[in-house]
Each structure stands twice: as structure tokens, then as C-alpha cells.
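input27.csv follows; it contains CSV, C-alpha atoms and all ligand atoms.
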```
chain,number,residue,atom,x,y,z
A,912,MET,CA,23.3,0.7,16.9
A,913,ALA,CA,24.1,0.5,20.6
A,914,GLN,CA,21.8,-1.9,22.3
A,915,PHE,CA,19.0,-0.2,24.2
A,916,GLU,CA,16.7,-2.0,26.7
A,917,TYR,CA,13.2,-1.1,27.5
A,918,ASP,CA,10.5,-2.8,29.6
A,919,THR,CA,7.7,-2.4,27.0
A,920,LEU,CA,9.5,-2.2,23.7
A,921,LEU,CA,12.0,-4.2,21.5
A,922,VAL,CA,14.3,-2.2,19.3
A,923,ASP,CA,16.2,-4.0,16.6
A,924,THR,CA,18.5,-2.4,14.0
A,925,VAL,CA,19.3,-4.2,10.7
A,926,ASP,CA,20.8,-2.6,7.6
A,927,GLU,CA,20.2,0.9,8.9
A,928,VAL,CA,16.5,0.3,9.6
A,929,SER,CA,15.5,0.4,13.3
A,930,THR,CA,12.3,-1.4,14.1
A,931,ILE,CA,10.5,-0.4,17.4
A,932,THR,CA,8.2,-3.3,18.4
A,933,PHE,CA,5.5,-2.4,21.0
A,934,ASN,CA,5.8,-5.3,23.4
A,935,ARG,CA,3.0,-5.6,25.8
A,936,PRO,CA,1.3,-8.6,24.3
A,937,GLU,CA,-0.6,-9.4,27.5
A,938,ALA,CA,-2.5,-6.1,27.0
A,939,ARG,CA,-2.5,-6.0,23.2
A,940,ASN,CA,0.2,-3.3,23.4
A,941,ALA,CA,-2.1,-0.8,25.2
A,942,MET,CA,-0.1,2.2,26.3
A,943,ASN,CA,0.5,2.2,30.1
A,944,PRO,CA,2.7,4.8,31.8
A,945,GLN,CA,5.9,2.8,31.4
A,946,PHE,CA,5.2,2.5,27.7
A,947,HIS,CA,5.1,6.3,27.4
A,948,PHE,CA,8.4,6.7,29.3
A,949,ASP,CA,10.0,4.0,27.1
A,950,MET,CA,8.8,5.5,23.9
A,951,ARG,CA,10.1,8.9,25.0
A,952,ASP,CA,13.5,7.4,25.5
A,953,ALA,CA,13.5,5.0,22.5
A,954,LEU,CA,12.7,7.8,20.0
A,955,LYS,CA,15.5,9.9,21.3
A,956,ASP,CA,17.8,6.9,21.0
A,957,VAL,CA,17.0,6.1,17.4
A,958,ALA,CA,16.9,9.8,16.4
A,959,ALA,CA,20.5,10.2,17.7
A,960,ASP,CA,21.7,6.8,16.4
A,961,ASN,CA,24.1,7.1,13.4
A,962,ASP,CA,23.3,3.6,12.2
A,963,THR,CA,19.6,4.4,11.8
A,964,ARG,CA,18.3,5.9,8.6
A,965,VAL,CA,14.6,4.7,8.7
A,966,VAL,CA,12.4,3.9,11.7
A,967,VAL,CA,9.7,1.2,11.5
A,968,LEU,CA,7.0,1.0,14.2
A,969,THR,CA,5.1,-2.3,14.7
A,970,GLY,CA,3.5,-4.4,17.4
A,971,SER,CA,3.9,-7.8,19.0
A,972,ALA,CA,1.4,-10.6,19.1
A,973,GLY,CA,-0.8,-9.5,16.2
A,974,SER,CA,-1.7,-6.1,17.6
A,975,TRP,CA,-0.4,-2.6,16.8
A,976,ILE,CA,-1.7,-0.6,19.8
A,977,ALA,CA,-5.0,-1.2,21.5
A,978,GLY,CA,-5.1,2.5,22.6
A,979,MET,CA,-4.4,3.9,26.1
A,980,ASP,CA,-4.2,1.4,28.8
A,981,LEU,CA,-7.6,1.6,30.3
A,982,LYS,CA,-6.5,0.0,33.5
A,983,GLN,CA,-3.0,1.4,34.3
A,984,PHE,CA,-3.3,4.8,32.6
A,985,PHE,CA,-6.9,5.7,33.3
A,986,TYR,CA,-8.4,3.5,36.1
A,987,GLU,CA,-5.3,3.6,38.2
A,988,GLY,CA,-4.4,7.1,37.0
A,989,PHE,CA,-7.6,8.7,38.3
A,990,LYS,CA,-6.5,7.4,41.8
A,991,ASN,CA,-3.0,8.8,41.2
A,992,PRO,CA,-3.3,12.2,39.4
A,993,ARG,CA,0.4,13.0,39.8
A,994,GLY,CA,1.4,9.7,38.1
A,995,MET,CA,-1.1,10.3,35.4
A,996,ALA,CA,0.2,13.8,34.8
A,997,ASP,CA,3.8,12.5,34.4
A,998,ALA,CA,2.7,9.7,32.0
A,999,GLY,CA,0.5,12.2,30.0
A,1000,GLU,CA,3.4,14.6,29.7
A,1001,ALA,CA,5.6,11.8,28.4
A,1002,ALA,CA,2.9,10.8,25.9
A,1003,GLY,CA,2.8,14.4,24.6
A,1004,VAL,CA,6.6,14.6,24.3
A,1005,TRP,CA,7.1,11.3,22.4
A,1006,ASN,CA,4.2,12.0,20.0
A,1007,ARG,CA,5.9,15.2,19.2
A,1008,SER,CA,9.3,13.5,18.8
A,1009,LEU,CA,7.7,11.0,16.4
A,1010,ARG,CA,5.9,13.7,14.3
A,1011,TYR,CA,9.2,15.6,13.9
A,1012,MET,CA,11.6,12.7,14.0
A,1013,PRO,CA,14.5,13.8,11.6
A,1014,LYS,CA,14.4,10.4,9.9
A,1015,PRO,CA,11.5,8.9,8.0
A,1016,THR,CA,9.1,6.7,9.9
A,1017,ILE,CA,6.9,3.8,8.7
A,1018,ALA,CA,4.0,2.4,10.6
A,1019,MET,CA,3.8,-1.4,10.0
A,1020,VAL,CA,0.2,-1.9,11.1
A,1021,ASN,CA,-0.1,-5.5,12.0
A,1022,GLY,CA,-3.3,-5.6,13.9
A,1023,TYR,CA,-5.5,-3.6,16.4
A,1024,VAL,CA,-5.3,0.2,16.2
A,1025,PHE,CA,-7.8,1.7,18.7
A,1026,GLY,CA,-8.4,5.1,20.2
A,1027,ALA,CA,-5.3,7.0,21.1
A,1028,ALA,CA,-3.3,4.7,18.7
A,1029,PHE,CA,-4.7,6.8,15.9
A,1030,SER,CA,-2.6,9.8,17.1
A,1031,VAL,CA,0.5,7.5,16.9
A,1032,LEU,CA,-0.4,6.4,13.4
A,1033,CYS,CA,-1.0,10.0,12.3
A,1034,ALA,CA,2.5,10.9,13.7
A,1035,CYS,CA,4.2,8.3,11.4
A,1036,ASP,CA,5.1,9.5,7.9
A,1037,ILE,CA,4.1,6.4,5.9
A,1038,ALA,CA,1.7,3.6,6.9
A,1039,VAL,CA,1.3,0.1,5.6
A,1040,ALA,CA,-1.4,-2.2,7.0
A,1041,ASP,CA,-2.2,-5.8,7.1
A,1042,GLU,CA,-5.5,-5.8,5.0
A,1043,GLU,CA,-7.2,-7.6,7.9
A,1044,ALA,CA,-6.0,-5.2,10.7
A,1045,LEU,CA,-8.8,-3.7,12.7
A,1046,LEU,CA,-8.9,0.1,13.4
A,1047,GLY,CA,-11.5,2.0,15.4
A,1048,LEU,CA,-12.5,4.8,17.7
A,1049,PRO,CA,-14.4,2.9,20.4
A,1050,GLU,CA,-14.7,5.9,22.8
A,1051,ILE,CA,-18.3,6.7,21.8
A,1052,ASN,CA,-19.3,3.1,22.6
A,1053,TRP,CA,-18.6,3.7,26.3
A,1054,GLY,CA,-19.9,7.2,26.5
A,1055,ILE,CA,-16.9,9.5,26.0
A,1056,ALA,CA,-15.5,11.6,23.1
A,1057,PRO,CA,-12.1,10.7,21.6
A,1058,GLY,CA,-9.6,12.5,23.8
A,1059,GLY,CA,-6.1,13.9,23.6
A,1060,ASN,CA,-5.4,15.4,20.2
A,1061,LEU,CA,-7.3,12.7,18.3
A,1062,LEU,CA,-9.9,15.0,16.7
A,1063,PHE,CA,-7.1,17.4,15.7
A,1064,ASP,CA,-4.7,14.8,14.4
A,1065,ILE,CA,-6.9,12.4,12.5
A,1066,PRO,CA,-8.3,14.9,9.9
A,1067,GLU,CA,-4.7,15.6,8.8
A,1068,MET,CA,-4.6,12.0,7.6
A,1069,MET,CA,-8.2,10.9,6.9
A,1070,PRO,CA,-11.1,12.6,5.1
A,1071,PHE,CA,-13.2,14.6,7.7
A,1072,ARG,CA,-16.4,12.8,6.7
A,1073,ASP,CA,-14.8,9.4,7.4
A,1074,MET,CA,-13.5,10.6,10.8
A,1075,LEU,CA,-16.9,11.8,11.8
A,1076,TRP,CA,-18.5,8.5,10.8
A,1077,MET,CA,-15.9,6.5,12.7
A,1078,ALA,CA,-16.0,8.7,15.8
A,1079,LEU,CA,-19.8,8.9,16.0
A,1080,SER,CA,-20.6,5.3,15.0
A,1081,GLY,CA,-17.8,3.5,16.9
A,1082,GLU,CA,-17.6,1.1,14.0
A,1083,ASN,CA,-14.3,-0.5,13.1
A,1084,ILE,CA,-12.7,-0.6,9.7
A,1085,THR,CA,-10.2,-3.1,8.2
A,1086,GLY,CA,-6.7,-2.2,7.0
A,1087,LYS,CA,-8.1,-2.6,3.5
A,1088,GLN,CA,-10.8,0.0,4.2
A,1089,ALA,CA,-8.2,2.3,5.8
A,1090,ALA,CA,-6.3,2.1,2.5
A,1091,ASP,CA,-9.4,2.7,0.5
A,1092,MET,CA,-10.1,5.9,2.4
A,1093,ARG,CA,-6.3,6.8,2.2
A,1094,PHE,CA,-5.7,6.7,5.9
A,1095,VAL,CA,-2.9,4.3,5.2
A,1096,ASN,CA,-0.8,4.2,2.1
A,1097,PHE,CA,-1.1,0.5,1.3
A,1098,ALA,CA,-2.9,-2.6,2.6
A,1099,VAL,CA,-1.4,-6.0,1.8
A,1100,PRO,CA,-1.9,-9.5,3.0
A,1101,GLN,CA,-0.3,-10.3,6.3
A,1102,ALA,CA,2.4,-12.5,4.7
A,1103,GLU,CA,3.6,-9.6,2.5
A,1104,LEU,CA,3.5,-6.9,5.2
A,1105,LYS,CA,7.1,-7.0,6.3
A,1106,ASN,CA,8.6,-7.2,2.8
A,1107,LYS,CA,6.4,-4.3,1.6
A,1108,VAL,CA,7.7,-2.1,4.5
A,1109,LEU,CA,11.3,-3.1,3.9
A,1110,ASP,CA,11.0,-2.3,0.2
A,1111,ILE,CA,9.8,1.2,1.1
A,1112,ALA,CA,12.6,1.5,3.7
A,1113,GLU,CA,15.2,0.5,1.1
A,1114,ASN,CA,14.0,3.2,-1.3
A,1115,LEU,CA,14.1,5.8,1.5
A,1116,LYS,CA,17.6,4.9,2.4
A,1117,LYS,CA,18.8,5.9,-1.1
A,1118,LYS,CA,17.6,9.5,-0.7
A,1119,ALA,CA,19.6,12.2,0.8
A,1120,PRO,CA,18.9,12.3,4.5
A,1121,GLU,CA,18.9,16.1,4.6
A,1122,ALA,CA,16.3,16.2,1.8
A,1123,LEU,CA,14.1,13.7,3.6
A,1124,GLN,CA,14.2,15.7,6.8
A,1125,SER,CA,13.4,19.0,5.0
A,1126,THR,CA,10.5,17.4,3.1
A,1127,LYS,CA,8.8,15.8,6.1
A,1128,LEU,CA,9.4,18.8,8.5
A,1129,GLY,CA,8.3,21.1,5.7
A,1130,ALA,CA,5.1,19.2,5.1
A,1131,ARG,CA,4.3,18.7,8.8
A,1132,LEU,CA,4.9,22.3,9.8
A,1133,SER,CA,3.4,23.9,6.7
A,1134,LEU,CA,0.0,22.6,7.7
A,1135,LYS,CA,-0.2,25.2,10.4
A,1136,MET,CA,1.3,28.2,8.5
A,1137,ASP,CA,-0.1,30.7,6.1
A,1138,ARG,CA,1.1,30.6,2.5
A,1139,GLU,CA,3.7,33.3,2.8
A,1140,HIS,CA,5.4,31.8,5.8
A,1141,GLN,CA,5.2,28.4,4.3
A,1142,GLY,CA,7.0,29.5,1.1
A,1143,ALA,CA,9.8,31.2,3.1
A,1144,PHE,CA,10.1,28.3,5.5
A,1145,ILE,CA,10.5,25.6,2.9
A,1146,MET,CA,13.0,27.7,0.9
A,1147,ALA,CA,15.2,28.0,4.0
A,1148,LEU,CA,14.8,24.2,4.7
A,1149,SER,CA,15.6,23.1,1.2
A,1150,GLY,CA,18.4,25.5,1.0
A,1151,GLN,CA,19.9,23.8,4.0
A,1152,ALA,CA,19.5,20.4,2.3
A,1153,GLY,CA,21.0,21.6,-0.9
A,1154,ARG,CA,24.1,22.8,0.9
A,1155,SER,CA,24.8,19.3,2.2
A,1156,ALA,CA,28.3,18.1,1.2
A,1157,ASP,CA,27.1,15.4,-1.1
A,1158,ALA,CA,24.8,17.6,-3.1
A,1159,ARG,CA,27.0,20.6,-3.6
A,1160,GLY,CA,27.9,21.6,-7.1
A,1161,THR,CA,29.9,24.5,-8.5
A,1162,GLY,CA,28.8,28.2,-8.5
A,1163,GLY,CA,25.8,27.7,-6.3
A,1164,THR,CA,24.3,24.8,-8.2
A,1165,THR,CA,24.0,21.2,-7.2
A,1166,ARG,CA,25.8,18.2,-8.6
A,1167,ALA,CA,22.5,16.6,-9.7
A,1168,LEU,CA,21.6,19.8,-11.6
A,1169,GLU,CA,25.0,19.7,-13.4
A,1170,GLN,CA,24.4,16.1,-14.4
A,1171,PHE,CA,21.0,17.0,-15.7
A,1172,MET,CA,22.4,19.8,-17.8
A,1173,ASP,CA,25.0,17.4,-19.2
A,1174,LYS,CA,22.1,14.9,-20.1
A,1175,LYS,CA,23.4,12.4,-17.6
A,1176,TYR,CA,20.5,12.4,-15.2
A,1177,ARG,CA,16.7,12.5,-15.2
A,1178,PRO,CA,15.3,13.3,-11.7
A,1179,ALA,CA,11.9,11.8,-12.4
A,1180,PHE,CA,13.3,8.3,-12.8
A,1181,GLY,CA,15.1,7.9,-9.5
A,1182,GLU,CA,17.5,9.4,-7.0
A,1183,TYR,CA,20.7,11.0,-8.0
A,1184,ASP,CA,23.6,8.7,-7.1
A,1185,TRP,CA,26.5,11.0,-6.2
A,1186,GLN,CA,29.0,8.1,-6.1
A,1187,THR,CA,28.7,7.0,-9.7
A,1188,GLU,CA,27.0,10.2,-11.0
A,1189,GLU,CA,25.5,8.1,-13.7
A,1190,SER,CA,22.2,7.4,-12.2
A,1191,ASN,CA,19.9,7.1,-15.2
A,1192,PRO,CA,21.6,8.7,-18.3
A,1193,ARG,CA,19.5,9.9,-21.2
A,1201,LIG,N1,-6.2,-1.2,28.1
A,1201,LIG,C1,-5.9,-2.1,29.0
A,1201,LIG,N2,-5.9,-3.5,28.8
A,1201,LIG,C2,-6.3,-3.8,27.5
A,1201,LIG,C3,-6.7,-2.9,26.5
A,1201,LIG,C4,-6.6,-1.5,26.9
A,1201,LIG,N3,-6.8,-0.6,26.0
A,1201,LIG,N4,-7.0,-3.6,25.4
A,1201,LIG,C5,-6.9,-4.9,25.7
A,1201,LIG,N5,-6.5,-5.0,27.0
A,1201,LIG,C6,-6.2,-6.3,27.7
A,1201,LIG,C7,-7.5,-7.0,28.1
A,1201,LIG,O1,-8.0,-6.4,29.3
A,1201,LIG,C8,-7.0,-8.4,28.3
A,1201,LIG,O2,-6.4,-8.5,29.5
A,1201,LIG,P1,-6.6,-9.8,30.5
A,1201,LIG,O3,-6.1,-10.9,29.7
A,1201,LIG,O4,-5.7,-9.5,31.7
A,1201,LIG,O5,-8.0,-9.8,30.8
A,1201,LIG,C9,-6.0,-8.5,27.2
A,1201,LIG,O6,-5.6,-7.2,26.9
A,1201,LIG,C10,-6.5,-9.2,26.0
A,1201,LIG,O7,-7.7,-8.5,25.6
A,1201,LIG,P2,-9.0,-9.3,25.1
A,1201,LIG,O8,-10.2,-8.3,25.2
A,1201,LIG,O9,-9.2,-10.6,25.9
A,1201,LIG,O10,-8.6,-9.6,23.6
A,1201,LIG,P3,-9.4,-9.5,22.3
A,1201,LIG,O11,-8.4,-9.8,21.2
A,1201,LIG,O12,-10.6,-10.4,22.4
A,1201,LIG,O13,-9.9,-8.0,22.2
A,1201,LIG,C11,-9.6,-5.6,22.1
A,1201,LIG,C12,-8.9,-7.0,22.2
A,1201,LIG,C13,-8.4,-4.6,22.0
A,1201,LIG,C14,-10.5,-5.5,20.9
A,1201,LIG,C15,-10.4,-5.4,23.4
A,1201,LIG,O14,-9.7,-5.8,24.6
A,1201,LIG,C16,-10.8,-3.9,23.6
A,1201,LIG,O15,-11.9,-3.5,23.2
A,1201,LIG,N6,-9.9,-3.1,24.3
A,1201,LIG,C17,-10.2,-1.7,24.5
A,1201,LIG,C18,-9.8,-0.9,23.3
A,1201,LIG,C19,-10.1,0.6,23.5
A,1201,LIG,O16,-11.2,1.0,23.9
A,1201,LIG,N7,-9.1,1.3,23.2
A,1201,LIG,C20,-9.1,2.8,23.3
A,1201,LIG,C21,-8.5,3.3,24.5
A,1201,LIG,S1,-8.0,5.0,24.2
```

Write the structure described by the file as C-alpha cells, please.
Amino acid sequence: MAQFEYDTLLVDTVDEVSTITFNRPEARNAMNPQFHFDMRDALKDVAADNDTRVVVLTGSAGSWIAGMDLKQFFYEGFKNPRGMADAGEAAGVWNRSLRYMPKPTIAMVNGYVFGAAFSVLCACDIAVADEEALLGLPEINWGIAPGGNLLFDIPEMMPFRDMLWMALSGENITGKQAADMRFVNFAVPQAELKNKVLDIAENLKKKAPEALQSTKLGARLSLKMDREHQGAFIMALSGQAGRSADARGTGGTTRALEQFMDKKYRPAFGEYDWQTEESNPR
């Protein structure tokens, strides 16, 4: 991948996995205006990068994101409404880019996740946490409600009852508790976090990119559709994926289906390998 430079982020690409590291350790990676502008650019860069198949998001210095920057985004922002509006607009743009990123995204939650960071976590497809990470909605503790789209985004990924408890009590949960309530997929000891994420990324890299994109966009957008529109929409999306060059078979079928008919392939036991076409013979 071409090297990109950002003030508040590090981006590193190894073996088709691009890792975006939030890099404001002095503020526990709280999101200041520059962070929003950098994320807006970085997500465009990795989405367009041909060497990137999977995107991982993590934080520096034992923190994921400590929420919005209370000093530079809010305190200074209230004195500079135009600057706050620009940063807020960028925040909305990059959250949307992350949700609909054409490549799969994995949150590698290595520490604090507070307030607005929940919307970032919800926008990632898969989440793996250090079991001792700390997650919370502290807004109620200082007299406000969780802002932005938090109360809209969180129930997509967490049981409603748990969200209400967190938002009303202001109590924190650990990564382990987040996994127990299914807000993250897995919680592992800190020493295993990176390997767990890279194992997931390796598996995703073996899947057809078009099918990954159709599945995640289909899932994300289906949530806001009625059943009729959802069915038609996913049919169109998966038709597009099935027409990709690698998947095409003869007479409108796919090569994987042909192999299944010839008893050379069982889809439930792994991805179809169109190079050998002998993925897992019966
Ligand atoms: N905005 C701006 N600065 C923040 C920040 C935030 N959200 N969270 C942490 N920081 C800064 C602190 O002010 C401190 O800066 P300083 O060294 O210049 O004084 C630095 O990060 C380290 O924070 P500190 O509180 O000393 O570290 P800690 O590990 O003991 O606690 C937190 C970290 C995140 C638990 C604590 O700082 C906190 O409660 N932050 C606010 C979290 C929040 O309410 N987020 C929701 C906003 S939407």
C-alpha cells in the first residue's frame, strides 16, 4: 500500500491487512477535530487501496478510544461553532464510510471504549476485545444523555436491556462482560488479542471479496428495510457477487456449484478454492 501520513493515526499494511492505529496516547485516543479529518481520509485511502483486503482498527497506549475529546471537540468547540460543525460533519462522514466500507473491518479492542467510541465499535463488522478492556457510557455521570447516534447505533449490536442499564447507570463493563452480552464477538487475554484478530483476518482473506461486500452491505442496509425490499435487494447484491469472474460457471451456474454437483466440494466445510477446485472433496 502507498504510505499515508496522518497526525493522529498510524496506518500499516502487512499481508493485505491494513491496521489503523488511533494514535493520540496523550489523550487516550479521544477524538479531537483532527482525528475526525484524519479518519475521513484514512478510510478512503484503505478502501481504495488494492493491497488491502481486511481493515483492523486498534488504539495506541492501552486505549481504544476514550470518546469524543471533551477539551478540543466540546470545550473549545462551543467557543468555535463553525470549527465544531466541520469536525462534526467529518465525524458523520467517516462513521458512514466505516459502516459501509467495502472490505471487512475488525475492531481490535485493546482498552478504553467510552461514549462516542461505541458508535465506532458498532460500525466495525467484527469485534474482539482484551478481556480486561473497559467499556462505558459515562455521559449520565456528568449530567447529559449519550449524544450523536449512540442510542440508535448501540441497540443494533447490544441487547436493548443492557444498553439501557449501561446508559442509565453509567457503570463500566469489561471486555469479558461485553462478550458475554454479545456486544463483541470474542474476549481473549491481552497477550492473545493480536493473534486472534489476525486469525480472523486470514480466514476473511480466503473469501471472495465481492461476496464479503454483498454480505456486509446486505446485512447493514437490510436492518432499515421492510422484508420485500430486503429480499429484492440481497438478490441483486448476491447476483452481482456471483457474476464475479472467479465465481462464474457455465450456463448461469457458479463453479462452486458445479464442483458440488460433481461431489468435489462441500460448502459447509470451507471456502471454495477456485485455483485448485479441490477444496474439500467428498
Ligand atoms: N477528552 C479529552 N481528553 C481526555 C479524554 C477525553 N475524552 N479522556 C482522557 N483524556 C485525557 C485526560 O484529560 C488526560 O490528559 P492530561 O494528561 O493532559 O491531563 C489524559 O487523557 C489521560 O487521562 P487520565 O484521566 O489521566 O487517565 P486515566 O487512565 O486515569 O483515565 C479515562 C482515562 C478515559 C478513564 C478518563 O480520562 C475519563 O474518564 N475520560 C473521559 C471519558 C469520557 O467521558 N468519554 C466520553 C466522551 S463522549

Which of A:Thr1016, A:Thr969, A:Ser1133, A:Asn1096 sits closest to Asp1036 of chain A [using all atoms listed in the file]: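 Smallest distance to Asp1036 of chain A is found for A:Thr1016.
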
Selected residue of minimal separation from ligand LIG 1201 (chain A) among A:Leu1032, A:Ala1018, A:Val1024, A:Leu1009, counting all atoms listed in the file: A:Val1024

Show me which residues sit within 6 Å of ligand LIG 1201 (chain A) when counting all atoms listed in the file, and put them as an mmCIF file with C-alpha atoms, in the coordinates of the input.
```cif
data_model
loop_
_atom_site.group_PDB
_atom_site.id
_atom_site.type_symbol
_atom_site.label_atom_id
_atom_site.label_comp_id
_atom_site.auth_asym_id
_atom_site.auth_seq_id
_atom_site.Cartn_x
_atom_site.Cartn_y
_atom_site.Cartn_z
ATOM 1 C CA GLU A 937 -0.600 -9.400 27.500
ATOM 2 C CA ALA A 938 -2.500 -6.100 27.000
ATOM 3 C CA ARG A 939 -2.500 -6.000 23.200
ATOM 4 C CA ALA A 941 -2.100 -0.800 25.200
ATOM 5 C CA ALA A 977 -5.000 -1.200 21.500
ATOM 6 C CA GLY A 978 -5.100 2.500 22.600
ATOM 7 C CA MET A 979 -4.400 3.900 26.100
ATOM 8 C CA ASP A 980 -4.200 1.400 28.800
ATOM 9 C CA LEU A 981 -7.600 1.600 30.300
ATOM 10 C CA LYS A 982 -6.500 0.000 33.500
ATOM 11 C CA PHE A 1025 -7.800 1.700 18.700
ATOM 12 C CA GLY A 1026 -8.400 5.100 20.200
ATOM 13 C CA ALA A 1027 -5.300 7.000 21.100
ATOM 14 C CA PRO A 1049 -14.400 2.900 20.400
#
```

Point-to-point distance from atom CA of Met1077 of chain A to atom CA of Leu1048 of chain A, Å rounded to tenths: 6.3 Å

Point (13.7, 17.4, 4.3), cut-off 10 Å, counting only C-alpha atoms, residues as a list in words: Pro1013, Lys1014, Pro1015, Ala1119, Pro1120, Glu1121, Ala1122, Leu1123, Gln1124, Ser1125, Thr1126, Lys1127, Leu1128, Gly1129, Ala1130, Ile1145, Leu1148, Ser1149, Gly1150, Gln1151, Ala1152 and Gly1153 of chain A

Long-range neighbours of segment 1099-1115 of chain A as a ChimeraX atom specification, 12 Å cut-off, all atoms listed in the file, 3 positions minimum in chain: /A:925-930,963-970,973,1014-1022,1036-1044,1085-1091,1095-1096,1118-1124,1181-1182

When you look at segment 1062-1069 of chain A with a cut-off of 10 Å (counting all atoms listed in the file), what residues show up, excluding the ones that are within fewer than 5 positions of it in the same chain? I need them as a PDB file with C-alpha atoms, in the coordinates of the input.
```pdb
ATOM      1  CA  PHE A1029      -4.700   6.800  15.900  1.00  0.00           C
ATOM      2  CA  SER A1030      -2.600   9.800  17.100  1.00  0.00           C
ATOM      3  CA  VAL A1031       0.500   7.500  16.900  1.00  0.00           C
ATOM      4  CA  LEU A1032      -0.400   6.400  13.400  1.00  0.00           C
ATOM      5  CA  CYS A1033      -1.000  10.000  12.300  1.00  0.00           C
ATOM      6  CA  ALA A1034       2.500  10.900  13.700  1.00  0.00           C
ATOM      7  CA  ALA A1056     -15.500  11.600  23.100  1.00  0.00           C
ATOM      8  CA  PRO A1057     -12.100  10.700  21.600  1.00  0.00           C
ATOM      9  CA  MET A1074     -13.500  10.600  10.800  1.00  0.00           C
ATOM     10  CA  LEU A1075     -16.900  11.800  11.800  1.00  0.00           C
ATOM     11  CA  ALA A1078     -16.000   8.700  15.800  1.00  0.00           C
ATOM     12  CA  ALA A1089      -8.200   2.300   5.800  1.00  0.00           C
ATOM     13  CA  MET A1092     -10.100   5.900   2.400  1.00  0.00           C
ATOM     14  CA  ARG A1093      -6.300   6.800   2.200  1.00  0.00           C
ATOM     15  CA  PHE A1094      -5.700   6.700   5.900  1.00  0.00           C
ATOM     16  CA  VAL A1095      -2.900   4.300   5.200  1.00  0.00           C
ATOM     17  CA  ARG A1131       4.300  18.700   8.800  1.00  0.00           C
ATOM     18  CA  LEU A1134       0.000  22.600   7.700  1.00  0.00           C
TER      19      LEU A1134
END
```

Counting all atoms listed in the file, the residue of A:His947, A:Asp960, A:Gly994, A:Cys1035 that sits nearest Arg1010 of chain A: A:Cys1035

Coordinates-based distance that separates atom CA of Leu1132 of chain A from atom CA of Thr1164 of chain A (Å, one decimal): 26.6 Å

Atom pair atom CA of Arg951 of chain A / atom CA of Phe933 of chain A: separation (Å): 12.8 Å

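Of the residues listed (A:Phe915, A:Ala998, A:Tyr986, A:Asp1184), A:Asp1184 shows the shortest atom-to-atom separation from Lys1116 of chain A; distances use only C-alpha atoms.
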